[in-house]
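*Asks:* Below is the file upload_13.cif, which contains mmCIF, N, CA, C and O atoms.
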data_upload
loop_
_atom_site.group_PDB
_atom_site.id
_atom_site.type_symbol
_atom_site.label_atom_id
_atom_site.label_comp_id
_atom_site.auth_asym_id
_atom_site.auth_seq_id
_atom_site.Cartn_x
_atom_site.Cartn_y
_atom_site.Cartn_z
ATOM 1 N N MET A 1 11.274 -4.258 -9.117
ATOM 2 C CA MET A 1 10.783 -3.918 -7.791
ATOM 3 C C MET A 1 11.073 -5.071 -6.839
ATOM 4 O O MET A 1 10.294 -5.986 -6.719
ATOM 5 N N GLN A 2 12.214 -5.016 -6.214
ATOM 6 C CA GLN A 2 12.619 -6.120 -5.354
ATOM 7 C C GLN A 2 12.753 -5.701 -3.894
ATOM 8 O O GLN A 2 12.321 -6.403 -3.008
ATOM 9 N N SER A 3 13.346 -4.554 -3.666
ATOM 10 C CA SER A 3 13.647 -4.169 -2.285
ATOM 11 C C SER A 3 12.462 -3.461 -1.632
ATOM 12 O O SER A 3 11.561 -2.961 -2.306
ATOM 13 N N ARG A 4 12.511 -3.409 -0.317
ATOM 14 C CA ARG A 4 11.474 -2.694 0.442
ATOM 15 C C ARG A 4 11.441 -1.222 0.031
ATOM 16 O O ARG A 4 10.382 -0.616 -0.028
ATOM 17 N N GLU A 5 12.629 -0.670 -0.270
ATOM 18 C CA GLU A 5 12.701 0.728 -0.685
ATOM 19 C C GLU A 5 11.961 0.933 -2.009
ATOM 20 O O GLU A 5 11.249 1.924 -2.175
ATOM 21 N N ASP A 6 12.142 -0.009 -2.949
ATOM 22 C CA ASP A 6 11.446 0.078 -4.243
ATOM 23 C C ASP A 6 9.935 0.023 -4.033
ATOM 24 O O ASP A 6 9.183 0.792 -4.636
ATOM 25 N N ILE A 7 9.506 -0.906 -3.193
ATOM 26 C CA ILE A 7 8.068 -1.066 -2.924
ATOM 27 C C ILE A 7 7.520 0.203 -2.290
ATOM 28 O O ILE A 7 6.480 0.712 -2.704
ATOM 29 N N LEU A 8 8.240 0.738 -1.306
ATOM 30 C CA LEU A 8 7.796 1.960 -0.632
ATOM 31 C C LEU A 8 7.709 3.119 -1.620
ATOM 32 O O LEU A 8 6.760 3.902 -1.585
ATOM 33 N N GLU A 9 8.676 3.193 -2.531
ATOM 34 C CA GLU A 9 8.689 4.264 -3.528
ATOM 35 C C GLU A 9 7.449 4.197 -4.421
ATOM 36 O O GLU A 9 6.775 5.203 -4.654
ATOM 37 N N VAL A 10 7.131 3.001 -4.899
ATOM 38 C CA VAL A 10 5.959 2.823 -5.771
ATOM 39 C C VAL A 10 4.674 3.084 -4.982
ATOM 40 O O VAL A 10 3.767 3.766 -5.464
ATOM 41 N N LEU A 11 4.602 2.561 -3.770
ATOM 42 C CA LEU A 11 3.434 2.768 -2.916
ATOM 43 C C LEU A 11 3.234 4.261 -2.636
ATOM 44 O O LEU A 11 2.113 4.775 -2.710
ATOM 45 N N THR A 12 4.328 4.962 -2.351
ATOM 46 C CA THR A 12 4.262 6.406 -2.096
ATOM 47 C C THR A 12 3.710 7.128 -3.316
ATOM 48 O O THR A 12 2.825 7.983 -3.202
ATOM 49 N N ARG A 13 4.197 6.743 -4.508
ATOM 50 C CA ARG A 13 3.724 7.376 -5.738
ATOM 51 C C ARG A 13 2.218 7.155 -5.903
ATOM 52 O O ARG A 13 1.482 8.070 -6.268
ATOM 53 N N ILE A 14 1.744 5.935 -5.628
ATOM 54 C CA ILE A 14 0.306 5.639 -5.725
ATOM 55 C C ILE A 14 -0.484 6.496 -4.731
ATOM 56 O O ILE A 14 -1.492 7.098 -5.085
ATOM 57 N N LEU A 15 -0.011 6.555 -3.494
ATOM 58 C CA LEU A 15 -0.726 7.323 -2.460
ATOM 59 C C LEU A 15 -0.788 8.815 -2.804
ATOM 60 O O LEU A 15 -1.815 9.465 -2.603
ATOM 61 N N VAL A 16 0.307 9.337 -3.358
ATOM 62 C CA VAL A 16 0.354 10.759 -3.719
ATOM 63 C C VAL A 16 -0.515 11.021 -4.958
ATOM 64 O O VAL A 16 -1.354 11.927 -4.958
ATOM 65 N N ASP A 17 -0.333 10.212 -6.001
ATOM 66 C CA ASP A 17 -1.023 10.454 -7.279
ATOM 67 C C ASP A 17 -2.504 10.116 -7.227
ATOM 68 O O ASP A 17 -3.336 10.849 -7.754
ATOM 69 N N GLU A 18 -2.835 8.987 -6.627
ATOM 70 C CA GLU A 18 -4.218 8.500 -6.669
ATOM 71 C C GLU A 18 -5.071 9.009 -5.511
ATOM 72 O O GLU A 18 -6.278 9.153 -5.650
ATOM 73 N N PHE A 19 -4.445 9.216 -4.360
ATOM 74 C CA PHE A 19 -5.226 9.551 -3.167
ATOM 75 C C PHE A 19 -4.931 10.956 -2.647
ATOM 76 O O PHE A 19 -5.437 11.351 -1.605
ATOM 77 N N GLU A 20 -4.084 11.693 -3.401
ATOM 78 C CA GLU A 20 -3.757 13.076 -3.074
ATOM 79 C C GLU A 20 -3.268 13.232 -1.630
ATOM 80 O O GLU A 20 -3.631 14.186 -0.929
ATOM 81 N N ILE A 21 -2.450 12.297 -1.201
ATOM 82 C CA ILE A 21 -1.855 12.359 0.131
ATOM 83 C C ILE A 21 -0.530 13.107 0.018
ATOM 84 O O ILE A 21 0.215 12.920 -0.945
ATOM 85 N N ASP A 22 -0.251 13.958 0.993
ATOM 86 C CA ASP A 22 0.991 14.720 1.000
ATOM 87 C C ASP A 22 2.155 13.754 1.242
ATOM 88 O O ASP A 22 2.146 12.993 2.210
ATOM 89 N N GLU A 23 3.126 13.800 0.351
ATOM 90 C CA GLU A 23 4.268 12.883 0.458
ATOM 91 C C GLU A 23 4.962 12.986 1.816
ATOM 92 O O GLU A 23 5.466 11.995 2.338
ATOM 93 N N ASP A 24 4.972 14.169 2.409
ATOM 94 C CA ASP A 24 5.621 14.364 3.715
ATOM 95 C C ASP A 24 4.924 13.572 4.826
ATOM 96 O O ASP A 24 5.516 13.326 5.872
ATOM 97 N N ASP A 25 3.649 13.224 4.604
ATOM 98 C CA ASP A 25 2.893 12.477 5.627
ATOM 99 C C ASP A 25 3.152 10.972 5.561
ATOM 100 O O ASP A 25 2.769 10.233 6.459
ATOM 101 N N ILE A 26 3.769 10.518 4.472
ATOM 102 C CA ILE A 26 3.936 9.077 4.259
ATOM 103 C C ILE A 26 5.247 8.601 4.863
ATOM 104 O O ILE A 26 6.327 9.021 4.473
ATOM 105 N N SER A 27 5.124 7.721 5.850
ATOM 106 C CA SER A 27 6.285 7.069 6.449
ATOM 107 C C SER A 27 5.873 5.628 6.737
ATOM 108 O O SER A 27 4.687 5.298 6.678
ATOM 109 N N LEU A 28 6.852 4.775 7.028
ATOM 110 C CA LEU A 28 6.530 3.377 7.306
ATOM 111 C C LEU A 28 5.589 3.236 8.495
ATOM 112 O O LEU A 28 4.768 2.334 8.543
ATOM 113 N N GLU A 29 5.705 4.154 9.456
ATOM 114 C CA GLU A 29 4.891 4.064 10.674
ATOM 115 C C GLU A 29 3.501 4.659 10.495
ATOM 116 O O GLU A 29 2.637 4.474 11.348
ATOM 117 N N ALA A 30 3.281 5.394 9.409
ATOM 118 C CA ALA A 30 2.002 6.101 9.232
ATOM 119 C C ALA A 30 0.834 5.133 9.137
ATOM 120 O O ALA A 30 0.883 4.147 8.412
ATOM 121 N N SER A 31 -0.209 5.440 9.883
ATOM 122 C CA SER A 31 -1.441 4.648 9.847
ATOM 123 C C SER A 31 -2.235 5.030 8.600
ATOM 124 O O SER A 31 -2.471 6.209 8.344
ATOM 125 N N LEU A 32 -2.651 4.021 7.839
ATOM 126 C CA LEU A 32 -3.411 4.280 6.613
ATOM 127 C C LEU A 32 -4.722 4.989 6.916
ATOM 128 O O LEU A 32 -5.155 5.853 6.170
ATOM 129 N N TYR A 33 -5.357 4.595 8.000
ATOM 130 C CA TYR A 33 -6.709 5.093 8.280
ATOM 131 C C TYR A 33 -6.698 6.364 9.117
ATOM 132 O O TYR A 33 -7.402 7.313 8.799
ATOM 133 N N GLN A 34 -5.894 6.409 10.185
ATOM 134 C CA GLN A 34 -5.883 7.603 11.026
ATOM 135 C C GLN A 34 -5.067 8.724 10.389
ATOM 136 O O GLN A 34 -5.589 9.794 10.126
ATOM 137 N N GLU A 35 -3.799 8.465 10.119
ATOM 138 C CA GLU A 35 -2.923 9.550 9.672
ATOM 139 C C GLU A 35 -3.089 9.897 8.199
ATOM 140 O O GLU A 35 -3.036 11.062 7.822
ATOM 141 N N LEU A 36 -3.268 8.886 7.344
ATOM 142 C CA LEU A 36 -3.372 9.161 5.911
ATOM 143 C C LEU A 36 -4.822 9.308 5.463
ATOM 144 O O LEU A 36 -5.095 9.599 4.309
ATOM 145 N N ASP A 37 -5.736 9.050 6.397
ATOM 146 C CA ASP A 37 -7.149 9.326 6.161
ATOM 147 C C ASP A 37 -7.777 8.510 5.029
ATOM 148 O O ASP A 37 -8.677 8.992 4.347
ATOM 149 N N LEU A 38 -7.303 7.300 4.810
ATOM 150 C CA LEU A 38 -7.946 6.429 3.829
ATOM 151 C C LEU A 38 -9.199 5.844 4.472
ATOM 152 O O LEU A 38 -9.250 5.639 5.676
ATOM 153 N N ASP A 39 -10.195 5.546 3.643
ATOM 154 C CA ASP A 39 -11.368 4.840 4.156
ATOM 155 C C ASP A 39 -11.431 3.468 3.493
ATOM 156 O O ASP A 39 -10.535 3.103 2.723
ATOM 157 N N SER A 40 -12.468 2.703 3.773
ATOM 158 C CA SER A 40 -12.523 1.322 3.271
ATOM 159 C C SER A 40 -12.585 1.283 1.744
ATOM 160 O O SER A 40 -12.034 0.380 1.116
ATOM 161 N N ILE A 41 -13.224 2.266 1.123
ATOM 162 C CA ILE A 41 -13.288 2.307 -0.342
ATOM 163 C C ILE A 41 -11.904 2.613 -0.909
ATOM 164 O O ILE A 41 -11.473 2.006 -1.900
ATOM 165 N N ASP A 42 -11.190 3.537 -0.271
ATOM 166 C CA ASP A 42 -9.810 3.827 -0.687
ATOM 167 C C ASP A 42 -8.949 2.575 -0.571
ATOM 168 O O ASP A 42 -8.104 2.308 -1.428
ATOM 169 N N ALA A 43 -9.158 1.813 0.501
ATOM 170 C CA ALA A 43 -8.366 0.595 0.721
ATOM 171 C C ALA A 43 -8.594 -0.395 -0.418
ATOM 172 O O ALA A 43 -7.648 -1.014 -0.909
ATOM 173 N N VAL A 44 -9.844 -0.529 -0.860
ATOM 174 C CA VAL A 44 -10.151 -1.424 -1.988
ATOM 175 C C VAL A 44 -9.458 -0.914 -3.248
ATOM 176 O O VAL A 44 -8.844 -1.694 -3.990
ATOM 177 N N ASP A 45 -9.526 0.393 -3.485
ATOM 178 C CA ASP A 45 -8.848 0.983 -4.650
ATOM 179 C C ASP A 45 -7.346 0.733 -4.584
ATOM 180 O O ASP A 45 -6.709 0.437 -5.600
ATOM 181 N N LEU A 46 -6.786 0.858 -3.392
ATOM 182 C CA LEU A 46 -5.354 0.635 -3.203
ATOM 183 C C LEU A 46 -4.991 -0.810 -3.533
ATOM 184 O O LEU A 46 -4.008 -1.066 -4.231
ATOM 185 N N VAL A 47 -5.807 -1.759 -3.068
ATOM 186 C CA VAL A 47 -5.566 -3.179 -3.366
ATOM 187 C C VAL A 47 -5.579 -3.400 -4.876
ATOM 188 O O VAL A 47 -4.721 -4.100 -5.424
ATOM 189 N N ILE A 48 -6.516 -2.784 -5.577
ATOM 190 C CA ILE A 48 -6.600 -2.933 -7.042
ATOM 191 C C ILE A 48 -5.324 -2.393 -7.702
ATOM 192 O O ILE A 48 -4.747 -3.039 -8.571
ATOM 193 N N LYS A 49 -4.873 -1.228 -7.259
ATOM 194 C CA LYS A 49 -3.638 -0.640 -7.809
ATOM 195 C C LYS A 49 -2.443 -1.557 -7.534
ATOM 196 O O LYS A 49 -1.575 -1.731 -8.390
ATOM 197 N N LEU A 50 -2.399 -2.130 -6.340
ATOM 198 C CA LEU A 50 -1.286 -3.013 -5.971
ATOM 199 C C LEU A 50 -1.317 -4.300 -6.786
ATOM 200 O O LEU A 50 -0.271 -4.836 -7.151
ATOM 201 N N GLN A 51 -2.518 -4.777 -7.088
ATOM 202 C CA GLN A 51 -2.636 -5.971 -7.937
ATOM 203 C C GLN A 51 -2.084 -5.682 -9.331
ATOM 204 O O GLN A 51 -1.360 -6.491 -9.907
ATOM 205 N N GLN A 52 -2.419 -4.505 -9.854
ATOM 206 C CA GLN A 52 -1.911 -4.118 -11.172
ATOM 207 C C GLN A 52 -0.389 -4.002 -11.130
ATOM 208 O O GLN A 52 0.304 -4.417 -12.056
ATOM 209 N N MET A 53 0.111 -3.462 -10.033
ATOM 210 C CA MET A 53 1.542 -3.223 -9.872
ATOM 211 C C MET A 53 2.315 -4.536 -9.783
ATOM 212 O O MET A 53 3.388 -4.671 -10.359
ATOM 213 N N THR A 54 1.773 -5.501 -9.042
ATOM 214 C CA THR A 54 2.502 -6.748 -8.797
ATOM 215 C C THR A 54 2.132 -7.855 -9.773
ATOM 216 O O THR A 54 2.861 -8.832 -9.903
ATOM 217 N N GLY A 55 0.974 -7.704 -10.432
ATOM 218 C CA GLY A 55 0.489 -8.773 -11.296
ATOM 219 C C GLY A 55 0.019 -9.975 -10.495
ATOM 220 O O GLY A 55 -0.186 -11.065 -11.032
ATOM 221 N N LYS A 56 -0.173 -9.800 -9.191
ATOM 222 C CA LYS A 56 -0.610 -10.899 -8.310
ATOM 223 C C LYS A 56 -2.009 -10.614 -7.807
ATOM 224 O O LYS A 56 -2.393 -9.468 -7.620
ATOM 225 N N LYS A 57 -2.755 -11.683 -7.574
ATOM 226 C CA LYS A 57 -4.090 -11.540 -6.991
ATOM 227 C C LYS A 57 -3.924 -11.346 -5.493
ATOM 228 O O LYS A 57 -3.216 -12.090 -4.832
ATOM 229 N N ILE A 58 -4.554 -10.323 -4.970
ATOM 230 C CA ILE A 58 -4.495 -10.056 -3.537
ATOM 231 C C ILE A 58 -5.855 -10.397 -2.940
ATOM 232 O O ILE A 58 -6.871 -9.864 -3.377
ATOM 233 N N LYS A 59 -5.850 -11.297 -1.984
ATOM 234 C CA LYS A 59 -7.103 -11.663 -1.325
ATOM 235 C C LYS A 59 -7.429 -10.590 -0.286
ATOM 236 O O LYS A 59 -6.553 -10.188 0.473
ATOM 237 N N PRO A 60 -8.690 -10.150 -0.251
ATOM 238 C CA PRO A 60 -9.047 -9.102 0.717
ATOM 239 C C PRO A 60 -8.672 -9.457 2.148
ATOM 240 O O PRO A 60 -8.229 -8.596 2.906
ATOM 241 N N GLU A 61 -8.794 -10.730 2.511
ATOM 242 C CA GLU A 61 -8.463 -11.109 3.900
ATOM 243 C C GLU A 61 -6.978 -10.902 4.208
ATOM 244 O O GLU A 61 -6.615 -10.695 5.357
ATOM 245 N N GLU A 62 -6.129 -10.939 3.187
ATOM 246 C CA GLU A 62 -4.707 -10.681 3.412
ATOM 247 C C GLU A 62 -4.477 -9.217 3.796
ATOM 248 O O GLU A 62 -3.463 -8.880 4.382
ATOM 249 N N PHE A 63 -5.426 -8.374 3.431
ATOM 250 C CA PHE A 63 -5.261 -6.955 3.724
ATOM 251 C C PHE A 63 -6.047 -6.505 4.947
ATOM 252 O O PHE A 63 -5.961 -5.356 5.337
ATOM 253 N N LYS A 64 -6.791 -7.409 5.551
ATOM 254 C CA LYS A 64 -7.570 -7.032 6.743
ATOM 255 C C LYS A 64 -6.685 -6.576 7.888
ATOM 256 O O LYS A 64 -7.043 -5.677 8.633
ATOM 257 N N ALA A 65 -5.515 -7.199 8.031
ATOM 258 C CA ALA A 65 -4.615 -6.894 9.140
ATOM 259 C C ALA A 65 -3.731 -5.672 8.855
ATOM 260 O O ALA A 65 -3.013 -5.215 9.721
ATOM 261 N N VAL A 66 -3.785 -5.169 7.637
ATOM 262 C CA VAL A 66 -2.931 -4.054 7.251
ATOM 263 C C VAL A 66 -3.423 -2.760 7.904
ATOM 264 O O VAL A 66 -4.575 -2.387 7.760
ATOM 265 N N ARG A 67 -2.536 -2.132 8.641
ATOM 266 C CA ARG A 67 -2.892 -0.890 9.337
ATOM 267 C C ARG A 67 -1.950 0.267 8.990
ATOM 268 O O ARG A 67 -2.346 1.416 9.036
ATOM 269 N N THR A 68 -0.699 -0.057 8.678
ATOM 270 C CA THR A 68 0.303 0.996 8.431
ATOM 271 C C THR A 68 0.915 0.833 7.044
ATOM 272 O O THR A 68 0.758 -0.206 6.390
ATOM 273 N N VAL A 69 1.634 1.851 6.623
ATOM 274 C CA VAL A 69 2.359 1.799 5.353
ATOM 275 C C VAL A 69 3.324 0.612 5.379
ATOM 276 O O VAL A 69 3.446 -0.135 4.400
ATOM 277 N N ASN A 70 3.994 0.401 6.508
ATOM 278 C CA ASN A 70 4.923 -0.728 6.634
ATOM 279 C C ASN A 70 4.215 -2.064 6.410
ATOM 280 O O ASN A 70 4.757 -2.964 5.766
ATOM 281 N N ASP A 71 2.983 -2.206 6.933
ATOM 282 C CA ASP A 71 2.215 -3.442 6.734
ATOM 283 C C ASP A 71 1.973 -3.694 5.244
ATOM 284 O O ASP A 71 2.025 -4.830 4.778
ATOM 285 N N VAL A 72 1.689 -2.623 4.499
ATOM 286 C CA VAL A 72 1.449 -2.760 3.057
ATOM 287 C C VAL A 72 2.729 -3.216 2.371
ATOM 288 O O VAL A 72 2.719 -4.138 1.538
ATOM 289 N N VAL A 73 3.854 -2.579 2.720
ATOM 290 C CA VAL A 73 5.143 -2.945 2.109
ATOM 291 C C VAL A 73 5.447 -4.418 2.380
ATOM 292 O O VAL A 73 5.823 -5.170 1.472
ATOM 293 N N THR A 74 5.234 -4.860 3.614
ATOM 294 C CA THR A 74 5.486 -6.259 4.000
ATOM 295 C C THR A 74 4.582 -7.204 3.228
ATOM 296 O O THR A 74 5.031 -8.248 2.739
ATOM 297 N N ALA A 75 3.312 -6.843 3.082
ATOM 298 C CA ALA A 75 2.355 -7.686 2.355
ATOM 299 C C ALA A 75 2.759 -7.825 0.876
ATOM 300 O O ALA A 75 2.725 -8.912 0.315
ATOM 301 N N ILE A 76 3.156 -6.709 0.265
ATOM 302 C CA ILE A 76 3.575 -6.740 -1.145
ATOM 303 C C ILE A 76 4.849 -7.558 -1.298
ATOM 304 O O ILE A 76 4.982 -8.349 -2.230
ATOM 305 N N GLU A 77 5.760 -7.379 -0.370
ATOM 306 C CA GLU A 77 7.022 -8.123 -0.388
ATOM 307 C C GLU A 77 6.731 -9.626 -0.375
ATOM 308 O O GLU A 77 7.313 -10.392 -1.127
ATOM 309 N N GLY A 78 5.793 -10.036 0.464
ATOM 310 C CA GLY A 78 5.403 -11.449 0.539
ATOM 311 C C GLY A 78 4.807 -11.948 -0.757
ATOM 312 O O GLY A 78 5.085 -13.046 -1.216
ATOM 313 N N LEU A 79 3.978 -11.122 -1.392
ATOM 314 C CA LEU A 79 3.337 -11.490 -2.660
ATOM 315 C C LEU A 79 4.376 -11.683 -3.767
ATOM 316 O O LEU A 79 4.291 -12.617 -4.551
ATOM 317 N N ILE A 80 5.333 -10.769 -3.818
ATOM 318 C CA ILE A 80 6.333 -10.816 -4.883
ATOM 319 C C ILE A 80 7.182 -12.087 -4.755
ATOM 320 O O ILE A 80 7.579 -12.678 -5.755
ATOM 321 N N LYS A 81 7.426 -12.523 -3.521
ATOM 322 C CA LYS A 81 8.262 -13.701 -3.297
ATOM 323 C C LYS A 81 7.543 -15.005 -3.610
ATOM 324 O O LYS A 81 8.176 -16.023 -3.816
ATOM 325 N N GLU A 82 6.200 -14.951 -3.632
ATOM 326 C CA GLU A 82 5.424 -16.184 -3.871
ATOM 327 C C GLU A 82 5.698 -16.772 -5.241
ATOM 328 O O GLU A 82 5.863 -16.053 -6.200
#
Represent the structure contained in this file as structure tokens.
*Replies:*
Amino acid sequence: MQSREDILEVLTRILVDEFEIDEDDISLEASLYQELDLDSIDAVDLVIKLQQMTGKKIKPEEFKAVRTVNDVVTAIEGLIKE
């Protein structure tokens, strides 16, 4: 999992499988909270799934600024490079 496309693919699979989000609704511009209808508990669950996926510890404050699917991809990309 190196490229943004790989990260987006895995993230999409998590959103579809775990949160029952319609794959057609998922785009880089999609808002996690408004368009994809995640709530704060879903966000915590998502962080846990991403930690398992990357094997990296994600600090909650790193995810406070995350608003869109693209923000998540960028955050994961940064973690993988660390």
*Asks:* Could you state which residues are captured by the PyMOL selection byres (((chain A and resi 30-35 and name CA) around 12) and name CA) in this file, as an mmCIF file with N, CA, C and O atoms, keeping the file's coordinate frame?
*Replies:*
data_model
loop_
_atom_site.group_PDB
_atom_site.id
_atom_site.type_symbol
_atom_site.label_atom_id
_atom_site.label_comp_id
_atom_site.auth_asym_id
_atom_site.auth_seq_id
_atom_site.Cartn_x
_atom_site.Cartn_y
_atom_site.Cartn_z
ATOM 1 N N LEU A 11 4.602 2.561 -3.770
ATOM 2 C CA LEU A 11 3.434 2.768 -2.916
ATOM 3 C C LEU A 11 3.234 4.261 -2.636
ATOM 4 O O LEU A 11 2.113 4.775 -2.710
ATOM 5 N N THR A 12 4.328 4.962 -2.351
ATOM 6 C CA THR A 12 4.262 6.406 -2.096
ATOM 7 C C THR A 12 3.710 7.128 -3.316
ATOM 8 O O THR A 12 2.825 7.983 -3.202
ATOM 9 N N LEU A 15 -0.011 6.555 -3.494
ATOM 10 C CA LEU A 15 -0.726 7.323 -2.460
ATOM 11 C C LEU A 15 -0.788 8.815 -2.804
ATOM 12 O O LEU A 15 -1.815 9.465 -2.603
ATOM 13 N N PHE A 19 -4.445 9.216 -4.360
ATOM 14 C CA PHE A 19 -5.226 9.551 -3.167
ATOM 15 C C PHE A 19 -4.931 10.956 -2.647
ATOM 16 O O PHE A 19 -5.437 11.351 -1.605
ATOM 17 N N ILE A 21 -2.450 12.297 -1.201
ATOM 18 C CA ILE A 21 -1.855 12.359 0.131
ATOM 19 C C ILE A 21 -0.530 13.107 0.018
ATOM 20 O O ILE A 21 0.215 12.920 -0.945
ATOM 21 N N ASP A 22 -0.251 13.958 0.993
ATOM 22 C CA ASP A 22 0.991 14.720 1.000
ATOM 23 C C ASP A 22 2.155 13.754 1.242
ATOM 24 O O ASP A 22 2.146 12.993 2.210
ATOM 25 N N GLU A 23 3.126 13.800 0.351
ATOM 26 C CA GLU A 23 4.268 12.883 0.458
ATOM 27 C C GLU A 23 4.962 12.986 1.816
ATOM 28 O O GLU A 23 5.466 11.995 2.338
ATOM 29 N N ASP A 24 4.972 14.169 2.409
ATOM 30 C CA ASP A 24 5.621 14.364 3.715
ATOM 31 C C ASP A 24 4.924 13.572 4.826
ATOM 32 O O ASP A 24 5.516 13.326 5.872
ATOM 33 N N ASP A 25 3.649 13.224 4.604
ATOM 34 C CA ASP A 25 2.893 12.477 5.627
ATOM 35 C C ASP A 25 3.152 10.972 5.561
ATOM 36 O O ASP A 25 2.769 10.233 6.459
ATOM 37 N N ILE A 26 3.769 10.518 4.472
ATOM 38 C CA ILE A 26 3.936 9.077 4.259
ATOM 39 C C ILE A 26 5.247 8.601 4.863
ATOM 40 O O ILE A 26 6.327 9.021 4.473
ATOM 41 N N SER A 27 5.124 7.721 5.850
ATOM 42 C CA SER A 27 6.285 7.069 6.449
ATOM 43 C C SER A 27 5.873 5.628 6.737
ATOM 44 O O SER A 27 4.687 5.298 6.678
ATOM 45 N N LEU A 28 6.852 4.775 7.028
ATOM 46 C CA LEU A 28 6.530 3.377 7.306
ATOM 47 C C LEU A 28 5.589 3.236 8.495
ATOM 48 O O LEU A 28 4.768 2.334 8.543
ATOM 49 N N GLU A 29 5.705 4.154 9.456
ATOM 50 C CA GLU A 29 4.891 4.064 10.674
ATOM 51 C C GLU A 29 3.501 4.659 10.495
ATOM 52 O O GLU A 29 2.637 4.474 11.348
ATOM 53 N N LEU A 36 -3.268 8.886 7.344
ATOM 54 C CA LEU A 36 -3.372 9.161 5.911
ATOM 55 C C LEU A 36 -4.822 9.308 5.463
ATOM 56 O O LEU A 36 -5.095 9.599 4.309
ATOM 57 N N ASP A 37 -5.736 9.050 6.397
ATOM 58 C CA ASP A 37 -7.149 9.326 6.161
ATOM 59 C C ASP A 37 -7.777 8.510 5.029
ATOM 60 O O ASP A 37 -8.677 8.992 4.347
ATOM 61 N N LEU A 38 -7.303 7.300 4.810
ATOM 62 C CA LEU A 38 -7.946 6.429 3.829
ATOM 63 C C LEU A 38 -9.199 5.844 4.472
ATOM 64 O O LEU A 38 -9.250 5.639 5.676
ATOM 65 N N ASP A 39 -10.195 5.546 3.643
ATOM 66 C CA ASP A 39 -11.368 4.840 4.156
ATOM 67 C C ASP A 39 -11.431 3.468 3.493
ATOM 68 O O ASP A 39 -10.535 3.103 2.723
ATOM 69 N N SER A 40 -12.468 2.703 3.773
ATOM 70 C CA SER A 40 -12.523 1.322 3.271
ATOM 71 C C SER A 40 -12.585 1.283 1.744
ATOM 72 O O SER A 40 -12.034 0.380 1.116
ATOM 73 N N ILE A 41 -13.224 2.266 1.123
ATOM 74 C CA ILE A 41 -13.288 2.307 -0.342
ATOM 75 C C ILE A 41 -11.904 2.613 -0.909
ATOM 76 O O ILE A 41 -11.473 2.006 -1.900
ATOM 77 N N ASP A 42 -11.190 3.537 -0.271
ATOM 78 C CA ASP A 42 -9.810 3.827 -0.687
ATOM 79 C C ASP A 42 -8.949 2.575 -0.571
ATOM 80 O O ASP A 42 -8.104 2.308 -1.428
ATOM 81 N N ALA A 43 -9.158 1.813 0.501
ATOM 82 C CA ALA A 43 -8.366 0.595 0.721
ATOM 83 C C ALA A 43 -8.594 -0.395 -0.418
ATOM 84 O O ALA A 43 -7.648 -1.014 -0.909
ATOM 85 N N LEU A 46 -6.786 0.858 -3.392
ATOM 86 C CA LEU A 46 -5.354 0.635 -3.203
ATOM 87 C C LEU A 46 -4.991 -0.810 -3.533
ATOM 88 O O LEU A 46 -4.008 -1.066 -4.231
ATOM 89 N N PHE A 63 -5.426 -8.374 3.431
ATOM 90 C CA PHE A 63 -5.261 -6.955 3.724
ATOM 91 C C PHE A 63 -6.047 -6.505 4.947
ATOM 92 O O PHE A 63 -5.961 -5.356 5.337
ATOM 93 N N ALA A 65 -5.515 -7.199 8.031
ATOM 94 C CA ALA A 65 -4.615 -6.894 9.140
ATOM 95 C C ALA A 65 -3.731 -5.672 8.855
ATOM 96 O O ALA A 65 -3.013 -5.215 9.721
ATOM 97 N N VAL A 66 -3.785 -5.169 7.637
ATOM 98 C CA VAL A 66 -2.931 -4.054 7.251
ATOM 99 C C VAL A 66 -3.423 -2.760 7.904
ATOM 100 O O VAL A 66 -4.575 -2.387 7.760
ATOM 101 N N ARG A 67 -2.536 -2.132 8.641
ATOM 102 C CA ARG A 67 -2.892 -0.890 9.337
ATOM 103 C C ARG A 67 -1.950 0.267 8.990
ATOM 104 O O ARG A 67 -2.346 1.416 9.036
ATOM 105 N N THR A 68 -0.699 -0.057 8.678
ATOM 106 C CA THR A 68 0.303 0.996 8.431
ATOM 107 C C THR A 68 0.915 0.833 7.044
ATOM 108 O O THR A 68 0.758 -0.206 6.390
ATOM 109 N N VAL A 69 1.634 1.851 6.623
ATOM 110 C CA VAL A 69 2.359 1.799 5.353
ATOM 111 C C VAL A 69 3.324 0.612 5.379
ATOM 112 O O VAL A 69 3.446 -0.135 4.400
ATOM 113 N N ASN A 70 3.994 0.401 6.508
ATOM 114 C CA ASN A 70 4.923 -0.728 6.634
ATOM 115 C C ASN A 70 4.215 -2.064 6.410
ATOM 116 O O ASN A 70 4.757 -2.964 5.766
ATOM 117 N N ASP A 71 2.983 -2.206 6.933
ATOM 118 C CA ASP A 71 2.215 -3.442 6.734
ATOM 119 C C ASP A 71 1.973 -3.694 5.244
ATOM 120 O O ASP A 71 2.025 -4.830 4.778
ATOM 121 N N VAL A 72 1.689 -2.623 4.499
ATOM 122 C CA VAL A 72 1.449 -2.760 3.057
ATOM 123 C C VAL A 72 2.729 -3.216 2.371
ATOM 124 O O VAL A 72 2.719 -4.138 1.538
ATOM 125 N N VAL A 73 3.854 -2.579 2.720
ATOM 126 C CA VAL A 73 5.143 -2.945 2.109
ATOM 127 C C VAL A 73 5.447 -4.418 2.380
ATOM 128 O O VAL A 73 5.823 -5.170 1.472
#
*Asks:* Evaluating the PyMOL selection byres (((chain A and resi 4 and name CA) around 8) and name CA) on the displayed file yields which residues, as a list in words?
*Replies:*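 When the PyMOL selection byres (((chain A and resi 4 and name CA) around 8) and name CA) is applied, the selected residues are Gln2, Ser3, Glu5, Asp6, Ile7, Leu8, Val73, Thr74 and Glu77 of chain A.
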*Asks:* Work out how far apart atom O of Glu61 in chain A and atom N of Glu20 in chain A are and give it in Å to one decimal.
*Replies:*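 These two atoms are separated by 24.2 Å.
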*Asks:* Take CA of Thr54 in chain A and CA of Ile80 in chain A and report the distance between them in Å, one decimal.
*Replies:* 6.8 Å
*Asks:* As a PyMOL selection string, please: all residues of range 2-56 of chain A that backbone DSSP puts in alpha helix (DSSP H).
*Replies:* chain A and resi 4-19+40-54
*Asks:* Report, as AutoDock Vina command-line options, the axis-aligned box around all atoms of range 66-77 of chain A present in the file, extended by 4 Å on each side; give centre and edge lengths in Å to one decimal place.
*Replies:*
--center_x 1.4 --center_y -4.3 --center_z 3.6 --size_x 19.9 --size_y 20.2 --size_z 19.6
